[in-house]
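A.B. asks: Sharing a structure here in structure tokens format.
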Amino acid sequence: MSKIHWILQNNLIKSEIKESIIKTLKQDDISYEEVQVIPFSDDLPPIHQQANQYVFYGSSTLIFNAYKDAVYQKGVFYDEESFTIKNYNQQWGKKMLNYDALMTCLADFSEEKYDLESLWFIRPIADSKAFSGSVMSFSEIQRLTQNLKESNNPHLSTQTPIAISSPKEIEKEWRHFIVNKNVVSSSRYAQNGHLSVSNTDISDELIKFVENCCLQYTPHDIFVMDTALCNGQYFIIECNCFNGTGFYSHDIETIVKKINQFLSSC
């Protein structure tokens with residue numbers, strides 16, 4: 001059986017989430033340690049305990065630094081080639097909300113001849129958090145492109161790969177935590193474009209849609225999928241790496257237990 005050891009960031013994440021994870025780890029006699037993370041640092045905090053399997057949970061800084069470390073990379077459930085909108089569209093096709101997305105970059109797209117007031121949904125292709133997906137007019141995209149030409153932004157440039165698609169009218173959005181192709185816990189987080197958190201409207205049809213998608217493809221054995229209801233039909237919005245993804249009205253205890261059970265069996 002694998003010895004599992006969790007590394008939990010003790011700053012910049014909600015204390016109630018950290019305490020819920022710790023409570024579950026103690027119940028199952030799983031070891032853990034807390035680390036202090038310096039924002040935007042390129043250094044991984046010291047890890048004091050050895051294990052066969054690590055699990056990191058915290059901010060993007062912690063996760064990216066662990067992922068690039070050969071010793072700890074396995075403790076981040078991520079692959080930079082798999083967690084991209086381009087890959088999701090290739091794997092799931094029209095199950096994706098933005099299957100119509102154009103894979104391009106700001107420099108190229110801003111040179112196109114579109115109506116200045118035409119609206120577009122724009123987001124990074126990679127799961128890099130370089131910027132948040134948003135709806136912008138073509139003129140706003142051109143201004144952003146020009147501003148980036150004059151800036152020294154280390155995370156975003158006019159050549160950053162982006163996905164651009166038509167805006168969609170989304171009725172509801174949910175987040176699902178998935179382990180070994182099974183939905184472990186789900187929560188709605190938005191309704192009609194506004195924050196709306198609830199775990200009471202998770203239909204059997206929605207769970208069936210998600211798990212059928214997982215039978216077709218998963219970017220990792222442990223990951224997070226966001227879904228949407230649009231025009232009366234369910235779609236995948238995107239997937240996220242578990243290690244840095246936030247919870248809504250999710251059953252954190254069950255999620256942590258299922259992850260540990262799965263890792264113990266590997």
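Residues in the structure tokens are numbered from 1 in each chain, the chains being A, B, ... in the order shown, and ligands are numbered from 1 in the order shown.
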Based on the backbone DSSP call, show me all residues of segment 18-265 of chain A assigned strand (DSSP E or B), as a PyMOL selection string.
C.D. replies: chain A and resi 31-35+53-57+84+96+102-105+119-124+126+134-137+161-165+172-179+182-191+194-198+222-230+233-240
A.B. asks: Using C-alpha atoms, can you write the selected residues to a file as a JSON list (two decimals), in the first residue's frame?
C.D. replies:
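See again-v1.json below for the written result:
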```
[["chain", "number", "residue", "atom", "x", "y", "z"],
["A", 31, "SER", "CA", -0.11, 12.19, 7.13],
["A", 32, "TYR", "CA", 0.11, 15.82, 6.08],
["A", 33, "GLU", "CA", 2.10, 18.99, 6.57],
["A", 34, "GLU", "CA", 1.37, 22.65, 6.08],
["A", 35, "VAL", "CA", 3.63, 24.94, 4.06],
["A", 53, "GLN", "CA", 2.58, 9.40, -3.06],
["A", 54, "TYR", "CA", 2.26, 13.12, -2.40],
["A", 55, "VAL", "CA", -0.88, 15.20, -2.84],
["A", 56, "PHE", "CA", -0.49, 18.97, -3.10],
["A", 57, "TYR", "CA", -3.33, 21.41, -2.50],
["A", 84, "THR", "CA", -6.06, 22.41, -22.76],
["A", 96, "MET", "CA", -17.86, 20.95, -25.51],
["A", 102, "LEU", "CA", -10.83, 29.19, -33.11],
["A", 103, "MET", "CA", -7.34, 28.31, -31.83],
["A", 104, "THR", "CA", -5.18, 31.35, -32.51],
["A", 105, "CYS", "CA", -3.31, 34.18, -30.79],
["A", 119, "LEU", "CA", -18.71, 40.01, -29.42],
["A", 120, "TRP", "CA", -16.34, 37.13, -28.74],
["A", 121, "PHE", "CA", -15.57, 34.83, -25.84],
["A", 122, "ILE", "CA", -11.82, 34.71, -25.32],
["A", 123, "ARG", "CA", -9.73, 32.52, -23.00],
["A", 124, "PRO", "CA", -6.28, 30.87, -22.85],
["A", 126, "ALA", "CA", -3.83, 26.19, -21.72],
["A", 134, "SER", "CA", -14.43, 36.83, -20.76],
["A", 135, "VAL", "CA", -16.66, 38.25, -23.48],
["A", 136, "MET", "CA", -15.08, 41.17, -25.34],
["A", 137, "SER", "CA", -15.91, 43.19, -28.42],
["A", 161, "PRO", "CA", -2.27, 30.65, -27.60],
["A", 162, "ILE", "CA", -5.92, 31.54, -27.09],
["A", 163, "ALA", "CA", -9.33, 30.09, -27.94],
["A", 164, "ILE", "CA", -11.93, 32.47, -29.36],
["A", 165, "SER", "CA", -15.56, 31.47, -29.82],
["A", 172, "LYS", "CA", -26.52, 27.11, -15.06],
["A", 173, "GLU", "CA", -22.98, 26.01, -14.33],
["A", 174, "TRP", "CA", -21.72, 23.14, -12.14],
["A", 175, "ARG", "CA", -18.38, 21.86, -10.87],
["A", 176, "HIS", "CA", -17.76, 18.11, -10.54],
["A", 177, "PHE", "CA", -14.89, 16.40, -8.71],
["A", 178, "ILE", "CA", -14.05, 13.16, -10.49],
["A", 179, "VAL", "CA", -12.01, 10.15, -9.34],
["A", 182, "ASN", "CA", -16.82, 8.55, -11.20],
["A", 183, "VAL", "CA", -18.39, 11.81, -10.04],
["A", 184, "VAL", "CA", -17.59, 12.12, -6.33],
["A", 185, "SER", "CA", -19.21, 15.47, -5.52],
["A", 186, "SER", "CA", -20.98, 18.19, -7.52],
["A", 187, "SER", "CA", -22.16, 21.72, -6.87],
["A", 188, "ARG", "CA", -23.79, 24.45, -8.92],
["A", 189, "TYR", "CA", -21.80, 27.65, -8.82],
["A", 190, "ALA", "CA", -23.56, 29.99, -11.26],
["A", 191, "GLN", "CA", -27.01, 30.70, -12.65],
["A", 194, "HIS", "CA", -24.30, 35.19, -11.51],
["A", 195, "LEU", "CA", -22.77, 33.37, -8.55],
["A", 196, "SER", "CA", -25.36, 30.89, -7.28],
["A", 197, "VAL", "CA", -24.10, 28.04, -5.10],
["A", 198, "SER", "CA", -26.20, 24.96, -4.41],
["A", 222, "ILE", "CA", -8.30, 12.66, -10.67],
["A", 223, "PHE", "CA", -9.59, 15.96, -12.03],
["A", 224, "VAL", "CA", -12.37, 18.54, -11.99],
["A", 225, "MET", "CA", -14.92, 19.18, -14.74],
["A", 226, "ASP", "CA", -17.11, 22.27, -15.11],
["A", 227, "THR", "CA", -20.36, 21.83, -17.02],
["A", 228, "ALA", "CA", -23.13, 24.08, -18.31],
["A", 229, "LEU", "CA", -26.80, 23.95, -19.22],
["A", 230, "CYS", "CA", -27.27, 25.85, -22.47],
["A", 233, "GLN", "CA", -28.60, 20.75, -23.20],
["A", 234, "TYR", "CA", -25.59, 19.84, -21.05],
["A", 235, "PHE", "CA", -22.08, 20.73, -22.21],
["A", 236, "ILE", "CA", -18.54, 20.61, -20.86],
["A", 237, "ILE", "CA", -17.08, 24.07, -20.20],
["A", 238, "GLU", "CA", -13.55, 23.01, -19.22],
["A", 239, "CYS", "CA", -11.54, 20.79, -16.91],
["A", 240, "ASN", "CA", -9.27, 21.81, -14.05]]
```
A.B. asks: Among segment 37-187 of chain A, which ones does DSSP place in helix (DSSP H, G or I), written as a PDB file with C-alpha atoms, in the first residue's frame?
C.D. replies:
```pdb
ATOM      1  CA  SER A  60      -1.117  28.128  -8.528  1.00  0.00           C
ATOM      2  CA  THR A  61       2.343  29.073  -7.248  1.00  0.00           C
ATOM      3  CA  LEU A  62       2.583  25.929  -5.107  1.00  0.00           C
ATOM      4  CA  ILE A  63       1.103  23.688  -7.782  1.00  0.00           C
ATOM      5  CA  PHE A  64       3.301  24.884 -10.660  1.00  0.00           C
ATOM      6  CA  ASN A  65       6.459  24.670  -8.543  1.00  0.00           C
ATOM      7  CA  ALA A  66       5.597  21.128  -7.446  1.00  0.00           C
ATOM      8  CA  TYR A  67       4.747  20.127 -11.016  1.00  0.00           C
ATOM      9  CA  GLN A  73       5.491  16.130  -9.885  1.00  0.00           C
ATOM     10  CA  LYS A  74       3.398  12.997  -9.380  1.00  0.00           C
ATOM     11  CA  GLY A  75       1.637  14.769  -6.495  1.00  0.00           C
ATOM     12  CA  ILE A  85      -9.196  23.552 -24.547  1.00  0.00           C
ATOM     13  CA  LYS A  86      -7.703  22.311 -27.816  1.00  0.00           C
ATOM     14  CA  ASN A  87      -7.361  18.787 -26.425  1.00  0.00           C
ATOM     15  CA  TYR A  88     -10.860  18.808 -24.882  1.00  0.00           C
ATOM     16  CA  ASN A  89     -12.376  19.827 -28.211  1.00  0.00           C
ATOM     17  CA  GLN A  90     -10.476  17.071 -29.991  1.00  0.00           C
ATOM     18  CA  GLN A  91     -11.478  14.436 -27.437  1.00  0.00           C
ATOM     19  CA  TRP A  92     -15.078  15.374 -26.656  1.00  0.00           C
ATOM     20  CA  GLY A  93     -16.078  17.179 -29.837  1.00  0.00           C
ATOM     21  CA  LYS A  94     -19.555  18.686 -29.777  1.00  0.00           C
ATOM     22  CA  LYS A  95     -19.997  17.844 -26.088  1.00  0.00           C
ATOM     23  CA  LEU A 106      -4.158  37.832 -30.180  1.00  0.00           C
ATOM     24  CA  ALA A 107      -1.638  39.073 -32.729  1.00  0.00           C
ATOM     25  CA  ASP A 108      -3.260  37.077 -35.526  1.00  0.00           C
ATOM     26  CA  PHE A 109      -6.898  37.493 -34.504  1.00  0.00           C
ATOM     27  CA  PHE A 138     -13.536  42.998 -31.365  1.00  0.00           C
ATOM     28  CA  SER A 139     -12.427  46.587 -30.715  1.00  0.00           C
ATOM     29  CA  GLU A 140     -11.626  45.705 -27.086  1.00  0.00           C
ATOM     30  CA  ILE A 141      -9.583  42.714 -28.252  1.00  0.00           C
ATOM     31  CA  GLN A 142      -7.633  44.995 -30.591  1.00  0.00           C
ATOM     32  CA  ARG A 143      -6.947  47.439 -27.744  1.00  0.00           C
ATOM     33  CA  LEU A 144      -5.820  44.594 -25.483  1.00  0.00           C
ATOM     34  CA  THR A 145      -3.477  43.382 -28.204  1.00  0.00           C
ATOM     35  CA  GLN A 146      -1.977  46.848 -28.630  1.00  0.00           C
ATOM     36  CA  ASN A 147      -1.532  47.261 -24.862  1.00  0.00           C
ATOM     37  CA  LEU A 148       0.251  43.914 -24.619  1.00  0.00           C
ATOM     38  CA  LYS A 149       2.665  44.961 -27.363  1.00  0.00           C
TER      39      LYS A 149
END
```
A.B. asks: I need the residue nearest Ile30 of chain A from this list: A:Lys18, A:His155, A:Tyr114, A:Trp6. Use only C-alpha atoms for the distance.
C.D. replies: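 The answer is A:Trp6, which sits nearest to Ile30 of chain A.
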A.B. asks: Between atom CA of Asn180 of chain A and atom CA of Phe262 of chain A, what is the distance, to one decimal in Å?
C.D. replies: 7.5 Å
A.B. asks: What's the separation between atom CA of Ala51 of chain A and atom CA of His5 of chain A, in Å to one decimal place?
C.D. replies: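 Interatomic distance here is 6.0 Å.
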A.B. asks: Out of A:Pro167, A:Gly193, A:His220, A:Ser15, which residue has the shortest atom-to-atom distance to Ser118 of chain A when counting only C-alpha atoms?
C.D. replies: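 Between A:Pro167, A:Gly193, A:His220, A:Ser15, the residue approaching Ser118 of chain A most closely is A:Pro167.
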A.B. asks: Give me the residues near Ser59 of chain A as a PDB file with N, CA and C atoms, in the first residue's frame, where near means some atom within 12 Å (using only C-alpha atoms) and where sequence neighbours in that chain fewer than 3 positions away do not count.
C.D. replies:
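Saved result, selection_19.pdb, follows:
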```pdb
ATOM      1  N   ILE A   7       0.412  17.777   1.194  1.00  0.00           N
ATOM      2  CA  ILE A   7       1.072  19.062   1.451  1.00  0.00           C
ATOM      3  C   ILE A   7       0.032  20.152   1.241  1.00  0.00           C
ATOM      4  N   LEU A   8      -0.314  20.846   2.302  1.00  0.00           N
ATOM      5  CA  LEU A   8      -1.380  21.848   2.274  1.00  0.00           C
ATOM      6  C   LEU A   8      -0.816  23.249   2.476  1.00  0.00           C
ATOM      7  N   GLN A   9      -1.142  24.128   1.587  1.00  0.00           N
ATOM      8  CA  GLN A   9      -0.746  25.525   1.742  1.00  0.00           C
ATOM      9  C   GLN A   9      -1.532  26.133   2.904  1.00  0.00           C
ATOM     10  N   ASN A  10      -0.849  26.792   3.817  1.00  0.00           N
ATOM     11  CA  ASN A  10      -1.547  27.352   4.985  1.00  0.00           C
ATOM     12  C   ASN A  10      -1.765  28.857   4.891  1.00  0.00           C
ATOM     13  N   ASN A  11      -1.460  29.428   3.749  1.00  0.00           N
ATOM     14  CA  ASN A  11      -1.790  30.833   3.530  1.00  0.00           C
ATOM     15  C   ASN A  11      -2.453  30.975   2.159  1.00  0.00           C
ATOM     16  N   LEU A  12      -3.288  31.985   2.023  1.00  0.00           N
ATOM     17  CA  LEU A  12      -3.957  32.323   0.766  1.00  0.00           C
ATOM     18  C   LEU A  12      -5.047  31.332   0.353  1.00  0.00           C
ATOM     19  N   ILE A  13      -5.404  30.376   1.206  1.00  0.00           N
ATOM     20  CA  ILE A  13      -6.580  29.545   0.961  1.00  0.00           C
ATOM     21  C   ILE A  13      -7.479  29.642   2.183  1.00  0.00           C
ATOM     22  N   LYS A  14      -8.765  29.407   1.998  1.00  0.00           N
ATOM     23  CA  LYS A  14      -9.721  29.561   3.083  1.00  0.00           C
ATOM     24  C   LYS A  14      -9.421  28.568   4.202  1.00  0.00           C
ATOM     25  N   VAL A  35       2.500  24.167   4.557  1.00  0.00           N
ATOM     26  CA  VAL A  35       3.629  24.939   4.059  1.00  0.00           C
ATOM     27  C   VAL A  35       3.199  26.377   3.793  1.00  0.00           C
ATOM     28  N   GLN A  36       4.138  27.262   3.962  1.00  0.00           N
ATOM     29  CA  GLN A  36       3.931  28.676   3.679  1.00  0.00           C
ATOM     30  C   GLN A  36       4.442  28.959   2.270  1.00  0.00           C
ATOM     31  N   VAL A  37       3.597  29.549   1.441  1.00  0.00           N
ATOM     32  CA  VAL A  37       3.963  29.797   0.049  1.00  0.00           C
ATOM     33  C   VAL A  37       4.118  31.293  -0.190  1.00  0.00           C
ATOM     34  N   ILE A  38       5.247  31.669  -0.752  1.00  0.00           N
ATOM     35  CA  ILE A  38       5.482  33.068  -1.114  1.00  0.00           C
ATOM     36  C   ILE A  38       4.874  33.310  -2.493  1.00  0.00           C
ATOM     37  N   PRO A  39       3.926  34.236  -2.616  1.00  0.00           N
ATOM     38  CA  PRO A  39       3.276  34.473  -3.911  1.00  0.00           C
ATOM     39  C   PRO A  39       4.288  34.756  -5.016  1.00  0.00           C
ATOM     40  N   PHE A  40       4.108  34.115  -6.164  1.00  0.00           N
ATOM     41  CA  PHE A  40       4.908  34.290  -7.376  1.00  0.00           C
ATOM     42  C   PHE A  40       6.350  33.810  -7.232  1.00  0.00           C
ATOM     43  N   SER A  41       6.652  33.130  -6.125  1.00  0.00           N
ATOM     44  CA  SER A  41       8.001  32.587  -5.955  1.00  0.00           C
ATOM     45  C   SER A  41       8.226  31.414  -6.899  1.00  0.00           C
ATOM     46  N   LEU A  44       9.908  25.924  -4.396  1.00  0.00           N
ATOM     47  CA  LEU A  44       8.982  25.079  -3.660  1.00  0.00           C
ATOM     48  C   LEU A  44       9.367  25.103  -2.182  1.00  0.00           C
ATOM     49  N   PHE A  56      -0.602  17.550  -3.380  1.00  0.00           N
ATOM     50  CA  PHE A  56      -0.486  18.972  -3.096  1.00  0.00           C
ATOM     51  C   PHE A  56      -1.858  19.627  -3.227  1.00  0.00           C
ATOM     52  N   LEU A  62       2.186  27.213  -5.680  1.00  0.00           N
ATOM     53  CA  LEU A  62       2.583  25.929  -5.107  1.00  0.00           C
ATOM     54  C   LEU A  62       2.467  24.814  -6.138  1.00  0.00           C
ATOM     55  N   ILE A  63       1.357  24.786  -6.857  1.00  0.00           N
ATOM     56  CA  ILE A  63       1.103  23.688  -7.782  1.00  0.00           C
ATOM     57  C   ILE A  63       2.104  23.682  -8.935  1.00  0.00           C
ATOM     58  N   PHE A  64       2.369  24.834  -9.535  1.00  0.00           N
ATOM     59  CA  PHE A  64       3.301  24.884 -10.660  1.00  0.00           C
ATOM     60  C   PHE A  64       4.725  24.540 -10.220  1.00  0.00           C
ATOM     61  N   ASN A  65       5.116  24.982  -9.024  1.00  0.00           N
ATOM     62  CA  ASN A  65       6.459  24.670  -8.543  1.00  0.00           C
ATOM     63  C   ASN A  65       6.609  23.187  -8.232  1.00  0.00           C
ATOM     64  N   ALA A  66       5.555  22.569  -7.704  1.00  0.00           N
ATOM     65  CA  ALA A  66       5.597  21.128  -7.446  1.00  0.00           C
ATOM     66  C   ALA A  66       5.618  20.356  -8.761  1.00  0.00           C
ATOM     67  N   VAL A  76       0.948  16.249  -8.273  1.00  0.00           N
ATOM     68  CA  VAL A  76       0.085  17.207  -8.967  1.00  0.00           C
ATOM     69  C   VAL A  76      -0.598  16.451 -10.096  1.00  0.00           C
ATOM     70  N   LYS A 129      -4.102  30.076 -16.407  1.00  0.00           N
ATOM     71  CA  LYS A 129      -4.648  31.209 -15.651  1.00  0.00           C
ATOM     72  C   LYS A 129      -3.979  32.516 -16.060  1.00  0.00           C
ATOM     73  N   CYS A 241      -7.238  21.159 -12.968  1.00  0.00           N
ATOM     74  CA  CYS A 241      -6.381  20.335 -12.116  1.00  0.00           C
ATOM     75  C   CYS A 241      -6.941  20.376 -10.692  1.00  0.00           C
ATOM     76  N   PHE A 242      -7.153  19.218 -10.080  1.00  0.00           N
ATOM     77  CA  PHE A 242      -7.719  19.165  -8.727  1.00  0.00           C
ATOM     78  C   PHE A 242      -6.926  19.997  -7.735  1.00  0.00           C
ATOM     79  N   ASN A 243      -5.596  19.941  -7.830  1.00  0.00           N
ATOM     80  CA  ASN A 243      -4.733  20.445  -6.763  1.00  0.00           C
ATOM     81  C   ASN A 243      -4.885  21.920  -6.456  1.00  0.00           C
ATOM     82  N   GLY A 244      -5.390  22.694  -7.411  1.00  0.00           N
ATOM     83  CA  GLY A 244      -5.536  24.118  -7.159  1.00  0.00           C
ATOM     84  C   GLY A 244      -6.949  24.623  -7.372  1.00  0.00           C
ATOM     85  N   THR A 245      -7.918  23.695  -7.463  1.00  0.00           N
ATOM     86  CA  THR A 245      -9.290  24.078  -7.777  1.00  0.00           C
ATOM     87  C   THR A 245     -10.097  24.338  -6.514  1.00  0.00           C
ATOM     88  N   GLY A 246     -10.910  25.393  -6.537  1.00  0.00           N
ATOM     89  CA  GLY A 246     -11.714  25.767  -5.379  1.00  0.00           C
ATOM     90  C   GLY A 246     -12.987  24.950  -5.260  1.00  0.00           C
TER      91      GLY A 246
END
```
A.B. asks: Would you please work out which residue, of A:Tyr78, A:Ser157, A:Glu117, A:Lys181, is nearest to Glu211 of chain A when using only C-alpha atoms?
C.D. replies: A:Lys181
